[in-house]
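Shown next, in structure tokens, is the structure this report addresses.
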Amino acid sequence: MDEGHRALTGVGVTETRPEEPAMPFAALAAATTPTAHIGLGLAAVGRPGYINLHRDRDLPADRDPDALRARTHELLDAAYAQGVRYVDTARSYGRAEEFLGEWLDARPSFTDLVVGSKWGYTYTADWDVEAEEHEVKDHSLATFERQYAETRALLGDRLSLYQVHSVTPDSPALTDKELLDRLAALAADGVTVGLSTSGPAQADAIRAALAVTVDGEPLFRTVQATYNALETSAAPALAEAHDAGLTVIVKEGMANGRLAGDEAPAVFQEIAAAAGVGGDAVALALVLHQPWAGVVLSGAATAAQLSGNLHAAVVDLDDEQRAGLDALVEEPEAYWRHRAGLPWH
């Protein structure tokens with residue numbers, strides 16, 4: 001994990017030299033607790049509906065805001081107690097920012113927790129799992145200004161990282177000069193600016209983001225991308241981002257539940273049984289072993305799932321096991337087509 005540790009040092013710096021760590025992630029770069037390199041994503045618990053498999057098992061039948069607030073706070077308590085120091089949320093995750101802000105307000109001593117959020121999608125389901133549309137994407141300057149104000153109202157000065165949500169190669173977040181200037185001003189105010197990517201052209205979006213500069217300085221200091229045993233296409237671009245000094249944050253390491261529990265392919269279950277862990281830990285361990293991976297997100301919806309995910313930090317994979325996992329890779333277009341067809345549960 002030495003290379004992975006160094007990947008963290010790029011966050012929050014204005015230079016591209018990862019050997020000179022700066023806040024907010026500098027403490028994680030030097031952390032000796034393995035779970036410090038696993039983050040908690042709140043996509044699954046900030047709203048009643050999401051595309052992860054088996055949410056009917058994971059969440060209470062009554063998913064009113066109070067129930068999900070309690071679950072979110074339970075997960076955050078468990079994560080912090082077990083060494084997790086990065087939390088990832090977004091404006092479109094229902095009321096996740098609100099739940100996180102309340103939890104942070106009640107724990108002012110937790111000053112070593114790094115908080116990242118995202119803008120660019122607006123949650124539109126109004127707490128209805130059966131809604132025809134759950135979120136609307138818009139990377140305009142007007143949306144940024146509105147959502148940044150909303151995020152600040154809920155998270156205050158605890159916001160360390162603000163990411164453009166789900167950037168694709170045609171996103172105006174890569175070309176709109178007014179927007180880029182505003183993001184650069186945000187960075188100058190001390191908030192790290194990053195992006196997340198989605199879709200089969202993740203690598204193209206990442207490389208385009210690496211070329212974005214404002215006044216001669218690179219703008220984006222982190223990139224969050226989907227990478228797992230089924231979808232590996234972004235790996236070369238993520239390695240380039242790491243080499244350029246960006247922190248790489250990996251999402252969907254379990255492919256929205258396809259690599260966990262009974263859904264996991266046989267090779268996952270065999271490796272997991274031999275290691276005495278669950279398939280979810282194997283899935284995340286594969287990501288943690290990538291030399292460019294800085295933070296790997298858990299999308300747990302229960303405290304038990306989170307504990308199982310954190311076992312990834314102590315799972316070793318030999319060459320034969322990695323070869324078995326490599327055989328599972330899907331074509332990016334097929335993977336993203338399958339993901340797009342997952343129902344909101």
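Following the order of the structure tokens, chains are lettered A, B, ..., residues in each are numbered from 1, and ligands are numbered from 1.
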Subject >> Residue list (strand (DSSP E), DSSP) for stretch 64-162 of chain A, as a PyMOL selection string >> reply: chain A and resi 86-88+114-119+121-123+135-137+159-162
**OP:** Find the spatial neighbours of stretch 225-240 of chain A, counting only C-alpha atoms, within a cut-off of 9 Å - ignore same-chain residues fewer than 4 positions away - and output them as an MDAnalysis selection string.
**Re:** chainID A and resid 166 195:204 206:207 210 244:246 248:255 259 283:284 286:287 290:293 325:332 335:336
Original post:
With only C-alpha atoms as the atoms that count, which of A:Val84, A:Val277, A:Leu310, A:Leu75 lies nearest to A:Leu28?
Top reply: A:Val84
Original post:
Within 9 Å of A:His311, counting only C-alpha atoms, which residues qualify if same-chain residues fewer than 6 places away don't, as a list in words?
Top reply: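 The neighbour list is Thr35, Val277, Gly278, Asp280, Ala281, Val282, Leu284 and Ala285 of chain A.
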Would you mind exporting the chosen residues as a PDB file, in the first residue's frame, restricted to N, CA and C atoms?
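part25.pdb was written with the following content:
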```
ATOM      1  N   THR A  35      -7.437   1.004   7.768  1.00  0.00           N
ATOM      2  CA  THR A  35      -8.788   1.431   7.427  1.00  0.00           C
ATOM      3  C   THR A  35      -8.886   2.927   7.140  1.00  0.00           C
ATOM      4  N   VAL A 277     -13.151 -14.219   5.035  1.00  0.00           N
ATOM      5  CA  VAL A 277     -13.843 -12.937   4.944  1.00  0.00           C
ATOM      6  C   VAL A 277     -14.997 -13.087   3.960  1.00  0.00           C
ATOM      7  N   GLY A 278     -15.705 -11.998   3.720  1.00  0.00           N
ATOM      8  CA  GLY A 278     -16.779 -12.012   2.734  1.00  0.00           C
ATOM      9  C   GLY A 278     -16.271 -11.593   1.372  1.00  0.00           C
ATOM     10  N   ASP A 280     -17.275  -9.220  -0.335  1.00  0.00           N
ATOM     11  CA  ASP A 280     -17.145  -7.766  -0.390  1.00  0.00           C
ATOM     12  C   ASP A 280     -15.734  -7.320  -0.034  1.00  0.00           C
ATOM     13  N   ALA A 281     -15.128  -7.982   0.954  1.00  0.00           N
ATOM     14  CA  ALA A 281     -13.766  -7.630   1.351  1.00  0.00           C
ATOM     15  C   ALA A 281     -12.777  -7.954   0.236  1.00  0.00           C
ATOM     16  N   VAL A 282     -13.011  -9.049  -0.463  1.00  0.00           N
ATOM     17  CA  VAL A 282     -12.141  -9.403  -1.593  1.00  0.00           C
ATOM     18  C   VAL A 282     -12.266  -8.349  -2.689  1.00  0.00           C
ATOM     19  N   LEU A 284     -13.069  -5.168  -2.467  1.00  0.00           N
ATOM     20  CA  LEU A 284     -12.401  -3.921  -2.101  1.00  0.00           C
ATOM     21  C   LEU A 284     -10.892  -4.106  -1.979  1.00  0.00           C
ATOM     22  N   ALA A 285     -10.451  -5.299  -1.567  1.00  0.00           N
ATOM     23  CA  ALA A 285      -9.014  -5.561  -1.486  1.00  0.00           C
ATOM     24  C   ALA A 285      -8.369  -5.459  -2.864  1.00  0.00           C
TER      25      ALA A 285
END
```
Subject >> Residues near A:Ala44, cut-off 10 Å, only C-alpha atoms, skip fewer than 4 positions along chain, as a VMD selection string >> reply: chain A and resid 48 to 52 55 58 to 59 68 72 89 93 to 94 96 256 299 to 302
**OP:** Run DSSP on the backbone of this structure and report the residues of stretch 18-187 of chain A it assigns to alpha helix (DSSP H), as a VMD selection string.
**Re:** chain A and resid 26 to 29 55 to 58 65 to 81 96 to 105 141 to 155 177 to 187
